[in-house]
Amino acid sequence: MSAPVVETPRAEPAFDANHPPSRALIDTCVHCGFCLPSCPTYALWSEEMDSPRGRIYLMSAGLDGRTSMTPAFVRHFDACLGCMACVTACPSGVQYAPLIEATRGQIERRSDRSFADRLFRSIIFALFPYPARMRIALAPLALLGRRSAEAFAVRGTSGAAPERSAKASAGRSAPGFLSRVRAMLELAPPVAWRSLTARTPERTAAVGERRLTIGLLTGCVQRVVFPQVNDATVNVLSAEGCDVVAPREQGCCGALALHAGRVDDARAFARATIEVFDRAGVERIAVNAAGCGSSMKEYGHLLADDPAWADRARAFSARVRDVSEIVAELGEPRAPRHRLALKVAYHDACHLAHAQGVRQQPRDLLRSIPGIELVPLAEPEMCCGSAGIYNLVEPDAARDLGDRKARHIDDAQPDVVVTGNPGCTLQIAAAARRRGTALAVRHPIELLDESIRGASR
Ligand code: SF4
Ligand code: SF4
């Protein structure tokens, strides 16, 4: 490992005493570097300070007062996708998730972001966690079609090529407001009026004898952009003998806020979500969006310091499952599966594979469908660049990672790409569009639903 450069501290230390990254967790890193090849930003830039080891070193320097919260310090952490590929790769069991969350919490409270940077982030957090506002924001797309978003995206650049991310994070300032808006337009999905007005039924009865009562998180992006995934989840779970409850009053689970360091917001969303599902009296909470599932499984940790909520949050997290885990838990299928003759590439969403360790269950779910052939993708552990709001706030790096993933998908030549996270679906579809490929990107539960319903292929 080359000796990293630590900046001369200014008057202010990098971290204050309000939940800094844990020294004990930092010290579990033995600097072996096994995590480096799996880190997407290290793969892009080969820069030590944009690797997990480098970032942990920076956290340590911040704790020791050897660096302050300079713009370069912040850029190294802004550039991290929070994909947790380093957690999978680390032989020493370093817990990077609480480290980056604590660091981001400090950055959100204490860094000097530019006005444009703060404004863009404020817009995202005033919009995405609120489905009613999302519906209004997406209405023009339903009216004019997604090509209108493309037209605006192209006009926004005045024909100029986007900046690529060849330089490491500290060598570039934060992306500008307009390039972020352009990324948002590029990622915009096709939106149908039906999506904007769709509502998941509040109660769906089990087919046959009831095996479980399951609460369904309908998700903010999922319910507005991909309501068919929620429909498929309800259909499959009820066909497999579960009562499904989708409480009408549920809101955002707080995942976007948590992963961006907005910890107080995340805690408020977590308390409201726990309250809603506890009232519903369900035995499990099914999640079909990997980012949401990973943060809901972390509620116990998020609310550990709140005596009124800590026990409730731990008990809640213990009941949260990705929908593929529930299908696996139910065991022997009750509903017959019909043939779907499809070549399928399964893309591991980072917040499912790395953050939750759920890799086998979605593959088993797909293999249970007669006729499906699973084809492998190169670099399966590598993030597609979606990563919560990353593809909006760091569009250049995200585009490079999306293009890399799209190349691997092209090489595998599947009929359909399948992934368990709406952010990955949007990111992969946008990357495929840039390559001029008409690629179908679906959720595994949609294919299982088609198979159970006997939709012929
Ligand atoms: S979370 Fe992902 S991007 Fe961040 S350091 Fe770990 S591997 Fe790299
Ligand atoms: S995070 Fe783990 S794999 Fe990476 S340098 Fe530290 S101990 Fe090694």
# chains A, B, ... in the order shown; residues from 1 in each chain; ligands from 1
$ closest_atom_pairs --of "chain A" --to "ligand 1" --cutoff "8 Å" --atoms "only C-alpha atoms and all ligand atoms" --output "Markdown table"
| residue | atom | partner | partner_atom_place_in_ligand_line | distance |
| --- | --- | --- | --- | --- |
| A:Cys35 | CA | ligand 1 | 7 (S) | 7.1 |
| A:Leu36 | CA | ligand 1 | 7 (S) | 7.5 |
| A:Ser38 | CA | ligand 1 | 7 (S) | 6.0 |
| A:Cys39 | CA | ligand 1 | 7 (S) | 3.6 |
| A:Pro40 | CA | ligand 1 | 3 (S) | 5.4 |
| A:Thr41 | CA | ligand 1 | 3 (S) | 5.5 |
| A:Tyr42 | CA | ligand 1 | 8 (Fe) | 6.8 |
| A:Asp50 | CA | ligand 1 | 5 (S) | 6.9 |
| A:Ser51 | CA | ligand 1 | 5 (S) | 5.2 |
| A:Pro52 | CA | ligand 1 | 5 (S) | 3.7 |
| A:Arg53 | CA | ligand 1 | 5 (S) | 7.5 |
| A:Arg55 | CA | ligand 1 | 5 (S) | 6.7 |
| A:Phe77 | CA | ligand 1 | 4 (Fe) | 7.8 |
| A:Ala79 | CA | ligand 1 | 3 (S) | 7.2 |
| A:Cys80 | CA | ligand 1 | 4 (Fe) | 3.9 |
| A:Leu81 | CA | ligand 1 | 3 (S) | 4.2 |
| A:Gly82 | CA | ligand 1 | 1 (S) | 3.6 |
| A:Cys83 | CA | ligand 1 | 2 (Fe) | 4.0 |
| A:Met84 | CA | ligand 1 | 1 (S) | 4.0 |
| A:Ala85 | CA | ligand 1 | 7 (S) | 4.3 |
| A:Cys86 | CA | ligand 1 | 7 (S) | 4.1 |
| A:Val87 | CA | ligand 1 | 6 (Fe) | 6.9 |
| A:Tyr96 | CA | ligand 1 | 6 (Fe) | 7.0 |
| A:Ala97 | CA | ligand 1 | 1 (S) | 7.5 |
| A:Ile100 | CA | ligand 1 | 1 (S) | 7.8 |
| A:Cys383 | CA | ligand 1 | 2 (Fe) | 7.6 |
$ residues_near_ligand --ligand "ligand 2" --cutoff "7 Å" --atoms "only C-alpha atoms and all ligand atoms" --output "PyMOL selection string"
chain A and resi 28-36+52-53+86+89-94
$ write_last_selection --atoms "N, CA and C atoms" --output "PDB file, in the first residue's frame"
ATOM      1  N   THR A  28     -10.620  -2.884  13.123  1.00  0.00           N
ATOM      2  CA  THR A  28     -10.686  -4.284  12.644  1.00  0.00           C
ATOM      3  C   THR A  28     -10.087  -4.418  11.248  1.00  0.00           C
ATOM      4  N   CYS A  29      -9.855  -3.300  10.572  1.00  0.00           N
ATOM      5  CA  CYS A  29      -9.230  -3.341   9.239  1.00  0.00           C
ATOM      6  C   CYS A  29      -7.731  -3.564   9.406  1.00  0.00           C
ATOM      7  N   VAL A  30      -7.222  -4.609   8.742  1.00  0.00           N
ATOM      8  CA  VAL A  30      -5.787  -4.926   8.850  1.00  0.00           C
ATOM      9  C   VAL A  30      -5.025  -4.463   7.600  1.00  0.00           C
ATOM     10  N   HIS A  31      -5.664  -3.683   6.756  1.00  0.00           N
ATOM     11  CA  HIS A  31      -5.035  -3.046   5.580  1.00  0.00           C
ATOM     12  C   HIS A  31      -4.511  -4.051   4.563  1.00  0.00           C
ATOM     13  N   CYS A  32      -5.147  -5.211   4.497  1.00  0.00           N
ATOM     14  CA  CYS A  32      -4.637  -6.259   3.594  1.00  0.00           C
ATOM     15  C   CYS A  32      -4.901  -5.934   2.128  1.00  0.00           C
ATOM     16  N   GLY A  33      -5.954  -5.172   1.843  1.00  0.00           N
ATOM     17  CA  GLY A  33      -6.243  -4.786   0.455  1.00  0.00           C
ATOM     18  C   GLY A  33      -7.037  -5.804  -0.332  1.00  0.00           C
ATOM     19  N   PHE A  34      -7.512  -6.887   0.304  1.00  0.00           N
ATOM     20  CA  PHE A  34      -8.301  -7.887  -0.440  1.00  0.00           C
ATOM     21  C   PHE A  34      -9.582  -7.279  -1.025  1.00  0.00           C
ATOM     22  N   CYS A  35     -10.053  -6.197  -0.405  1.00  0.00           N
ATOM     23  CA  CYS A  35     -11.307  -5.596  -0.859  1.00  0.00           C
ATOM     24  C   CYS A  35     -11.135  -4.738  -2.104  1.00  0.00           C
ATOM     25  N   LEU A  36      -9.901  -4.354  -2.419  1.00  0.00           N
ATOM     26  CA  LEU A  36      -9.712  -3.361  -3.475  1.00  0.00           C
ATOM     27  C   LEU A  36     -10.278  -3.777  -4.836  1.00  0.00           C
ATOM     28  N   PRO A  52     -11.999   0.970  -0.328  1.00  0.00           N
ATOM     29  CA  PRO A  52     -12.475   0.797   1.063  1.00  0.00           C
ATOM     30  C   PRO A  52     -11.344   1.028   2.063  1.00  0.00           C
ATOM     31  N   ARG A  53     -10.161   0.456   1.762  1.00  0.00           N
ATOM     32  CA  ARG A  53      -9.041   0.620   2.693  1.00  0.00           C
ATOM     33  C   ARG A  53      -8.684   2.093   2.849  1.00  0.00           C
ATOM     34  N   CYS A  86     -17.241  -4.418  -0.551  1.00  0.00           N
ATOM     35  CA  CYS A  86     -16.057  -4.580   0.299  1.00  0.00           C
ATOM     36  C   CYS A  86     -16.367  -5.459   1.506  1.00  0.00           C
ATOM     37  N   ALA A  89     -16.078  -8.967   0.380  1.00  0.00           N
ATOM     38  CA  ALA A  89     -14.707  -9.360   0.041  1.00  0.00           C
ATOM     39  C   ALA A  89     -13.790  -9.443   1.259  1.00  0.00           C
ATOM     40  N   CYS A  90     -14.141  -8.772   2.340  1.00  0.00           N
ATOM     41  CA  CYS A  90     -13.203  -8.610   3.462  1.00  0.00           C
ATOM     42  C   CYS A  90     -13.081  -9.889   4.294  1.00  0.00           C
ATOM     43  N   PRO A  91     -11.869 -10.454   4.385  1.00  0.00           N
ATOM     44  CA  PRO A  91     -11.711 -11.675   5.192  1.00  0.00           C
ATOM     45  C   PRO A  91     -11.697 -11.392   6.694  1.00  0.00           C
ATOM     46  N   SER A  92     -11.553 -10.124   7.078  1.00  0.00           N
ATOM     47  CA  SER A  92     -11.479  -9.783   8.509  1.00  0.00           C
ATOM     48  C   SER A  92     -12.823  -9.369   9.078  1.00  0.00           C
ATOM     49  N   GLY A  93     -13.853  -9.400   8.271  1.00  0.00           N
ATOM     50  CA  GLY A  93     -15.196  -9.083   8.774  1.00  0.00           C
ATOM     51  C   GLY A  93     -15.381  -7.628   9.133  1.00  0.00           C
ATOM     52  N   VAL A  94     -14.682  -6.724   8.434  1.00  0.00           N
ATOM     53  CA  VAL A  94     -14.858  -5.294   8.732  1.00  0.00           C
ATOM     54  C   VAL A  94     -16.299  -4.883   8.400  1.00  0.00           C
TER      55      VAL A  94
END
$ closest_residue --among "A:Ile107, A:Ala345, A:Leu366, A:Ala72" --to "Glu450 in chain A" --atoms "only C-alpha atoms"
A:Leu366
$ closest_residue --among "A:Met49, A:Ile26, A:Ala14, A:Ala335" --to "Met69 in chain A" --atoms "only C-alpha atoms"
A:Ala14
$ residues_around --residues "Val221 in chain A" --least-positions-apart "2" --cutoff "9 Å" --atoms "only C-alpha atoms" --output "list of chain:residue names"
A:Phe128, A:Pro129, A:Tyr130, A:Pro131, A:Met134, A:Thr218, A:Gly219, A:Arg223, A:Val224, A:Val225, A:Phe226, A:Pro227, A:Pro422, A:Gly423
$ write_last_selection --atoms "all heavy atoms" --output "compact mmCIF listing (two decimals), in the first residue's frame"
# COMPACT_ATOMS: atom_id res chain seq x y z
N PHE A 128 -38.66 12.16 -3.63
CA PHE A 128 -38.64 10.69 -3.73
C PHE A 128 -39.35 9.96 -2.60
O PHE A 128 -39.98 8.93 -2.84
CB PHE A 128 -37.21 10.18 -3.89
CG PHE A 128 -36.68 10.34 -5.28
CD1 PHE A 128 -36.68 11.57 -5.91
CD2 PHE A 128 -36.20 9.26 -5.99
CE1 PHE A 128 -36.21 11.74 -7.20
CE2 PHE A 128 -35.73 9.40 -7.29
CZ PHE A 128 -35.73 10.65 -7.89
N PRO A 129 -39.24 10.41 -1.35
CA PRO A 129 -39.91 9.62 -0.29
C PRO A 129 -41.43 9.85 -0.22
O PRO A 129 -42.07 9.34 0.68
CB PRO A 129 -39.23 10.12 1.00
CG PRO A 129 -38.04 10.90 0.57
CD PRO A 129 -38.37 11.43 -0.78
N TYR A 130 -41.98 10.63 -1.14
CA TYR A 130 -43.39 10.98 -1.05
C TYR A 130 -44.10 10.59 -2.35
O TYR A 130 -44.07 11.35 -3.34
CB TYR A 130 -43.54 12.48 -0.77
CG TYR A 130 -42.83 12.88 0.50
CD1 TYR A 130 -41.54 13.43 0.45
CD2 TYR A 130 -43.40 12.64 1.74
CE1 TYR A 130 -40.86 13.76 1.62
CE2 TYR A 130 -42.73 12.96 2.91
CZ TYR A 130 -41.46 13.51 2.84
OH TYR A 130 -40.78 13.82 4.00
N PRO A 131 -44.75 9.42 -2.39
CA PRO A 131 -45.36 8.94 -3.64
C PRO A 131 -46.34 9.93 -4.26
O PRO A 131 -46.39 10.04 -5.49
CB PRO A 131 -46.07 7.65 -3.19
CG PRO A 131 -45.28 7.20 -2.01
CD PRO A 131 -44.82 8.43 -1.32
N MET A 134 -44.32 12.32 -6.13
CA MET A 134 -43.70 11.63 -7.29
C MET A 134 -44.71 11.51 -8.42
O MET A 134 -44.37 11.66 -9.60
CB MET A 134 -43.27 10.21 -6.88
CG MET A 134 -42.03 10.18 -6.05
SD MET A 134 -40.58 10.11 -7.09
CE MET A 134 -40.70 8.42 -7.66
N THR A 218 -44.96 -1.36 0.00
CA THR A 218 -45.21 -1.08 -1.42
C THR A 218 -44.15 -0.15 -2.02
O THR A 218 -44.06 -0.06 -3.24
CB THR A 218 -46.62 -0.48 -1.63
OG1 THR A 218 -46.82 0.58 -0.70
CG2 THR A 218 -47.69 -1.52 -1.42
N GLY A 219 -43.35 0.51 -1.16
CA GLY A 219 -42.21 1.29 -1.65
C GLY A 219 -42.61 2.58 -2.33
O GLY A 219 -43.70 2.69 -2.88
N ARG A 223 -44.11 1.68 -5.99
CA ARG A 223 -45.57 1.76 -6.15
C ARG A 223 -45.97 2.73 -7.26
O ARG A 223 -47.03 2.60 -7.84
CB ARG A 223 -46.24 2.12 -4.82
CG ARG A 223 -46.24 3.56 -4.46
CD ARG A 223 -47.00 3.83 -3.19
NE ARG A 223 -46.15 3.62 -2.01
CZ ARG A 223 -46.46 4.05 -0.79
NH1 ARG A 223 -47.61 4.65 -0.59
NH2 ARG A 223 -45.64 3.86 0.21
N VAL A 224 -45.10 3.70 -7.56
CA VAL A 224 -45.45 4.70 -8.57
C VAL A 224 -44.95 4.28 -9.96
O VAL A 224 -45.66 4.43 -10.95
CB VAL A 224 -44.86 6.08 -8.19
CG1 VAL A 224 -45.17 7.11 -9.26
CG2 VAL A 224 -45.42 6.54 -6.86
N VAL A 225 -43.73 3.74 -10.00
CA VAL A 225 -43.12 3.45 -11.31
C VAL A 225 -43.31 1.99 -11.73
O VAL A 225 -43.50 1.70 -12.90
CB VAL A 225 -41.61 3.81 -11.27
CG1 VAL A 225 -40.95 3.50 -12.61
CG2 VAL A 225 -41.42 5.27 -10.92
N PHE A 226 -43.26 1.07 -10.75
CA PHE A 226 -43.37 -0.35 -11.07
C PHE A 226 -44.48 -1.02 -10.26
O PHE A 226 -44.23 -2.00 -9.53
CB PHE A 226 -42.04 -1.07 -10.80
CG PHE A 226 -40.87 -0.51 -11.54
CD1 PHE A 226 -39.83 0.10 -10.86
CD2 PHE A 226 -40.79 -0.60 -12.93
CE1 PHE A 226 -38.73 0.61 -11.54
CE2 PHE A 226 -39.70 -0.09 -13.62
CZ PHE A 226 -38.67 0.53 -12.93
N PRO A 227 -45.73 -0.52 -10.34
CA PRO A 227 -46.79 -1.13 -9.52
C PRO A 227 -47.04 -2.59 -9.89
O PRO A 227 -47.54 -3.36 -9.08
CB PRO A 227 -48.01 -0.26 -9.84
CG PRO A 227 -47.73 0.39 -11.14
CD PRO A 227 -46.25 0.55 -11.21
N PRO A 422 -35.69 -1.64 -7.68
CA PRO A 422 -36.14 -0.72 -8.74
C PRO A 422 -35.05 0.21 -9.25
O PRO A 422 -35.02 0.55 -10.43
CB PRO A 422 -37.28 0.07 -8.07
CG PRO A 422 -37.13 -0.15 -6.61
CD PRO A 422 -36.43 -1.45 -6.42
N GLY A 423 -34.12 0.61 -8.36
CA GLY A 423 -33.03 1.48 -8.80
C GLY A 423 -32.16 0.79 -9.84
O GLY A 423 -31.76 1.40 -10.84
$ residues_around --residues "Cys350 in chain A" --least-positions-apart "3" --cutoff "10 Å" --atoms "only C-alpha atoms" --output "list in words"
Leu81, Gly82, Cys83, Met84, Ala85, Ala290, Gly291, Ser294, His347, Ala353, His354, Ala355, Gln356, Gly357, Val358, Arg359, Pro380, Glu381, Met382, Cys383, Cys384, Gly385, Ser386, Ala387, Gly420, Asn421 and Cys424 of chain A
$ write_last_selection --atoms "N, CA and C atoms" --output "CSV table (one decimal), in the first residue's frame"
chain,number,residue,atom,x,y,z
A,81,LEU,N,-20.2,4.2,-3.3
A,81,LEU,CA,-21.6,3.8,-3.7
A,81,LEU,C,-22.3,3.3,-2.5
A,82,GLY,N,-21.6,2.9,-1.4
A,82,GLY,CA,-22.3,2.2,-0.3
A,82,GLY,C,-22.8,0.9,-0.8
A,83,CYS,N,-22.1,0.3,-1.7
A,83,CYS,CA,-22.6,-1.0,-2.3
A,83,CYS,C,-22.3,-2.2,-1.5
A,84,MET,N,-21.3,-2.1,-0.5
A,84,MET,CA,-20.9,-3.1,0.4
A,84,MET,C,-20.3,-4.3,-0.2
A,85,ALA,N,-19.8,-4.1,-1.5
A,85,ALA,CA,-19.0,-5.2,-2.1
A,85,ALA,C,-17.7,-5.5,-1.2
A,290,ALA,N,-34.6,-4.0,-2.8
A,290,ALA,CA,-33.4,-4.4,-2.0
A,290,ALA,C,-33.0,-3.3,-1.1
A,291,GLY,N,-32.9,-2.1,-1.6
A,291,GLY,CA,-32.5,-1.0,-0.7
A,291,GLY,C,-33.4,-0.8,0.5
A,294,SER,N,-32.8,-3.7,3.0
A,294,SER,CA,-31.6,-3.7,3.8
A,294,SER,C,-31.7,-2.6,4.9
A,347,HIS,N,-29.2,-10.2,-12.2
A,347,HIS,CA,-28.2,-9.2,-11.6
A,347,HIS,C,-28.4,-9.1,-10.1
A,353,ALA,N,-27.5,-8.7,-2.2
A,353,ALA,CA,-26.4,-9.6,-2.2
A,353,ALA,C,-25.4,-9.3,-1.1
A,354,HIS,N,-24.8,-8.1,-1.1
A,354,HIS,CA,-23.8,-7.7,-0.2
A,354,HIS,C,-24.3,-7.3,1.2
A,355,ALA,N,-25.4,-6.5,1.2
A,355,ALA,CA,-25.9,-5.9,2.4
A,355,ALA,C,-26.8,-7.0,3.2
A,356,GLN,N,-27.5,-7.8,2.5
A,356,GLN,CA,-28.4,-8.8,3.1
A,356,GLN,C,-27.9,-10.2,3.0
A,357,GLY,N,-27.0,-10.5,2.2
A,357,GLY,CA,-26.5,-11.8,1.9
A,357,GLY,C,-27.5,-12.7,1.2
A,358,VAL,N,-28.4,-12.1,0.5
A,358,VAL,CA,-29.4,-12.9,-0.2
A,358,VAL,C,-29.0,-13.0,-1.7
A,359,ARG,N,-28.5,-14.2,-2.0
A,359,ARG,CA,-28.0,-14.5,-3.3
A,359,ARG,C,-28.7,-15.7,-3.9
A,380,PRO,N,-20.1,-10.4,-11.4
A,380,PRO,CA,-21.4,-10.4,-10.8
A,380,PRO,C,-21.5,-9.6,-9.5
A,381,GLU,N,-20.3,-9.4,-8.8
A,381,GLU,CA,-20.3,-8.7,-7.5
A,381,GLU,C,-20.2,-7.2,-7.7
A,382,MET,N,-20.1,-6.7,-8.9
A,382,MET,CA,-19.8,-5.3,-9.2
A,382,MET,C,-21.1,-4.5,-9.3
A,383,CYS,N,-21.2,-3.4,-8.6
A,383,CYS,CA,-22.4,-2.5,-8.6
A,383,CYS,C,-22.7,-2.0,-10.1
A,384,CYS,N,-24.0,-1.8,-10.4
A,384,CYS,CA,-24.4,-1.3,-11.7
A,384,CYS,C,-24.3,0.2,-11.7
A,385,GLY,N,-24.1,0.8,-10.5
A,385,GLY,CA,-24.0,2.3,-10.5
A,385,GLY,C,-25.2,3.0,-10.0
A,386,SER,N,-26.3,2.2,-9.7
A,386,SER,CA,-27.5,2.8,-9.2
A,386,SER,C,-27.4,3.4,-7.8
A,387,ALA,N,-27.3,2.4,-6.8
A,387,ALA,CA,-26.9,2.8,-5.4
A,387,ALA,C,-27.7,3.9,-4.8
A,420,GLY,N,-33.7,-7.5,-8.3
A,420,GLY,CA,-34.6,-7.3,-7.2
A,420,GLY,C,-34.6,-5.9,-6.6
A,421,ASN,N,-34.4,-4.9,-7.4
A,421,ASN,CA,-34.3,-3.5,-6.9
A,421,ASN,C,-34.7,-2.5,-8.0
A,424,CYS,N,-31.9,-0.5,-9.6
A,424,CYS,CA,-31.1,-1.2,-10.6
A,424,CYS,C,-31.8,-1.4,-11.9
$ atom_distance --atom1 "CA of Thr437 in chain A" --atom2 "CA of Tyr390 in chain A"
23.3 Å
$ residues_around --residues "range 442-444 of chain A" --least-positions-apart "4" --cutoff "8 Å" --atoms "only C-alpha atoms" --output "PyMOL selection string"
chain A and resi 229+362+365-366+416-421+425+448
$ write_last_selection --atoms "N, CA and C atoms" --output "compact mmCIF listing (two decimals), in the first residue's frame"
# COMPACT_ATOMS: atom_id res chain seq x y z
N VAL A 229 -44.88 -4.82 -10.08
CA VAL A 229 -44.05 -5.67 -9.20
C VAL A 229 -44.82 -5.93 -7.90
N PRO A 362 -33.20 -15.79 -4.66
CA PRO A 362 -33.78 -15.34 -5.95
C PRO A 362 -33.43 -16.30 -7.09
N LEU A 365 -35.66 -19.27 -6.75
CA LEU A 365 -37.01 -18.89 -7.20
C LEU A 365 -37.09 -18.98 -8.73
N LEU A 366 -36.07 -18.47 -9.40
CA LEU A 366 -36.08 -18.49 -10.87
C LEU A 366 -35.94 -19.92 -11.39
N VAL A 416 -33.99 -11.66 -21.05
CA VAL A 416 -34.46 -10.73 -20.03
C VAL A 416 -33.42 -10.66 -18.90
N VAL A 417 -33.25 -9.45 -18.35
CA VAL A 417 -32.42 -9.28 -17.15
C VAL A 417 -33.36 -9.16 -15.97
N VAL A 418 -32.99 -9.81 -14.89
CA VAL A 418 -33.87 -9.84 -13.72
C VAL A 418 -33.10 -9.33 -12.52
N THR A 419 -33.73 -8.44 -11.74
CA THR A 419 -33.05 -7.90 -10.57
C THR A 419 -34.09 -7.50 -9.52
N GLY A 420 -33.67 -7.47 -8.26
CA GLY A 420 -34.63 -7.27 -7.17
C GLY A 420 -34.63 -5.88 -6.59
N ASN A 421 -34.35 -4.87 -7.40
CA ASN A 421 -34.31 -3.51 -6.88
C ASN A 421 -34.72 -2.52 -7.97
N THR A 425 -33.12 -1.60 -11.82
CA THR A 425 -33.93 -1.73 -13.04
C THR A 425 -33.82 -0.46 -13.88
N LEU A 448 -42.12 -15.23 -11.73
CA LEU A 448 -42.81 -16.30 -10.99
C LEU A 448 -44.33 -16.12 -11.10
$ residues_around --residues "Ala280 in chain A" --least-positions-apart "5" --cutoff "9 Å" --atoms "only C-alpha atoms" --output "PyMOL selection string"
chain A and resi 215+245-247+275
$ residues_around --residues "Val282 in chain A" --least-positions-apart "3" --cutoff "7 Å" --atoms "only C-alpha atoms" --output "PyMOL selection string"
chain A and resi 213-215+277
$ select_by_dssp --residues "range 156-387 of chain A" --states "helix (DSSP H, G or I)" --output "PyMOL selection string"
chain A and resi 156-157+169-171+177-187+193-197+220-225+227-239+255-259+263-280+290-296+299-302+310-319+323-330+350-353+360-367
$ closest_residue --among "A:Ala132, A:Ala206, A:Ala102, A:Ala398" --to "His301 in chain A" --atoms "only C-alpha atoms"
A:Ala102
$ decode --residues "range 222-237 of chain A" --atoms "N, CA, C and O atoms" --output "PDB file, in the first residue's frame"
ATOM      1  N   GLN A 222     -41.276   2.068  -6.180  1.00  0.00           N
ATOM      2  CA  GLN A 222     -41.919   0.834  -6.675  1.00  0.00           C
ATOM      3  C   GLN A 222     -43.408   1.049  -6.937  1.00  0.00           C
ATOM      4  O   GLN A 222     -43.930   0.681  -7.981  1.00  0.00           O
ATOM      5  N   ARG A 223     -44.107   1.678  -5.990  1.00  0.00           N
ATOM      6  CA  ARG A 223     -45.574   1.761  -6.149  1.00  0.00           C
ATOM      7  C   ARG A 223     -45.970   2.731  -7.261  1.00  0.00           C
ATOM      8  O   ARG A 223     -47.034   2.603  -7.838  1.00  0.00           O
ATOM      9  N   VAL A 224     -45.097   3.705  -7.556  1.00  0.00           N
ATOM     10  CA  VAL A 224     -45.451   4.700  -8.569  1.00  0.00           C
ATOM     11  C   VAL A 224     -44.954   4.283  -9.960  1.00  0.00           C
ATOM     12  O   VAL A 224     -45.657   4.432 -10.950  1.00  0.00           O
ATOM     13  N   VAL A 225     -43.733   3.737 -10.002  1.00  0.00           N
ATOM     14  CA  VAL A 225     -43.117   3.450 -11.309  1.00  0.00           C
ATOM     15  C   VAL A 225     -43.313   1.993 -11.727  1.00  0.00           C
ATOM     16  O   VAL A 225     -43.505   1.703 -12.903  1.00  0.00           O
ATOM     17  N   PHE A 226     -43.259   1.074 -10.748  1.00  0.00           N
ATOM     18  CA  PHE A 226     -43.369  -0.352 -11.074  1.00  0.00           C
ATOM     19  C   PHE A 226     -44.481  -1.024 -10.256  1.00  0.00           C
ATOM     20  O   PHE A 226     -44.229  -2.001  -9.531  1.00  0.00           O
ATOM     21  N   PRO A 227     -45.733  -0.521 -10.338  1.00  0.00           N
ATOM     22  CA  PRO A 227     -46.788  -1.130  -9.518  1.00  0.00           C
ATOM     23  C   PRO A 227     -47.038  -2.589  -9.889  1.00  0.00           C
ATOM     24  O   PRO A 227     -47.540  -3.361  -9.077  1.00  0.00           O
ATOM     25  N   GLN A 228     -46.641  -2.977 -11.121  1.00  0.00           N
ATOM     26  CA  GLN A 228     -46.828  -4.375 -11.524  1.00  0.00           C
ATOM     27  C   GLN A 228     -45.990  -5.322 -10.667  1.00  0.00           C
ATOM     28  O   GLN A 228     -46.331  -6.506 -10.519  1.00  0.00           O
ATOM     29  N   VAL A 229     -44.879  -4.818 -10.085  1.00  0.00           N
ATOM     30  CA  VAL A 229     -44.054  -5.667  -9.204  1.00  0.00           C
ATOM     31  C   VAL A 229     -44.816  -5.931  -7.901  1.00  0.00           C
ATOM     32  O   VAL A 229     -44.812  -7.056  -7.375  1.00  0.00           O
ATOM     33  N   ASN A 230     -45.498  -4.908  -7.399  1.00  0.00           N
ATOM     34  CA  ASN A 230     -46.317  -5.117  -6.202  1.00  0.00           C
ATOM     35  C   ASN A 230     -47.488  -6.050  -6.499  1.00  0.00           C
ATOM     36  O   ASN A 230     -47.818  -6.936  -5.691  1.00  0.00           O
ATOM     37  N   ASP A 231     -48.110  -5.877  -7.668  1.00  0.00           N
ATOM     38  CA  ASP A 231     -49.213  -6.777  -8.049  1.00  0.00           C
ATOM     39  C   ASP A 231     -48.719  -8.226  -8.086  1.00  0.00           C
ATOM     40  O   ASP A 231     -49.379  -9.135  -7.569  1.00  0.00           O
ATOM     41  N   ALA A 232     -47.553  -8.412  -8.713  1.00  0.00           N
ATOM     42  CA  ALA A 232     -47.008  -9.773  -8.834  1.00  0.00           C
ATOM     43  C   ALA A 232     -46.687 -10.353  -7.456  1.00  0.00           C
ATOM     44  O   ALA A 232     -46.928 -11.544  -7.186  1.00  0.00           O
ATOM     45  N   THR A 233     -46.165  -9.511  -6.568  1.00  0.00           N
ATOM     46  CA  THR A 233     -45.823  -9.979  -5.217  1.00  0.00           C
ATOM     47  C   THR A 233     -47.087 -10.445  -4.494  1.00  0.00           C
ATOM     48  O   THR A 233     -47.103 -11.523  -3.870  1.00  0.00           O
ATOM     49  N   VAL A 234     -48.152  -9.656  -4.587  1.00  0.00           N
ATOM     50  CA  VAL A 234     -49.417 -10.026  -3.940  1.00  0.00           C
ATOM     51  C   VAL A 234     -49.939 -11.331  -4.545  1.00  0.00           C
ATOM     52  O   VAL A 234     -50.332 -12.261  -3.819  1.00  0.00           O
ATOM     53  N   ASN A 235     -49.937 -11.426  -5.875  1.00  0.00           N
ATOM     54  CA  ASN A 235     -50.456 -12.631  -6.541  1.00  0.00           C
ATOM     55  C   ASN A 235     -49.714 -13.886  -6.095  1.00  0.00           C
ATOM     56  O   ASN A 235     -50.320 -14.910  -5.782  1.00  0.00           O
ATOM     57  N   VAL A 236     -48.373 -13.796  -6.090  1.00  0.00           N
ATOM     58  CA  VAL A 236     -47.570 -14.985  -5.758  1.00  0.00           C
ATOM     59  C   VAL A 236     -47.797 -15.384  -4.299  1.00  0.00           C
ATOM     60  O   VAL A 236     -48.034 -16.555  -3.986  1.00  0.00           O
ATOM     61  N   LEU A 237     -47.721 -14.395  -3.393  1.00  0.00           N
ATOM     62  CA  LEU A 237     -47.840 -14.738  -1.971  1.00  0.00           C
ATOM     63  C   LEU A 237     -49.228 -15.289  -1.661  1.00  0.00           C
ATOM     64  O   LEU A 237     -49.361 -16.250  -0.878  1.00  0.00           O
TER      65      LEU A 237
END
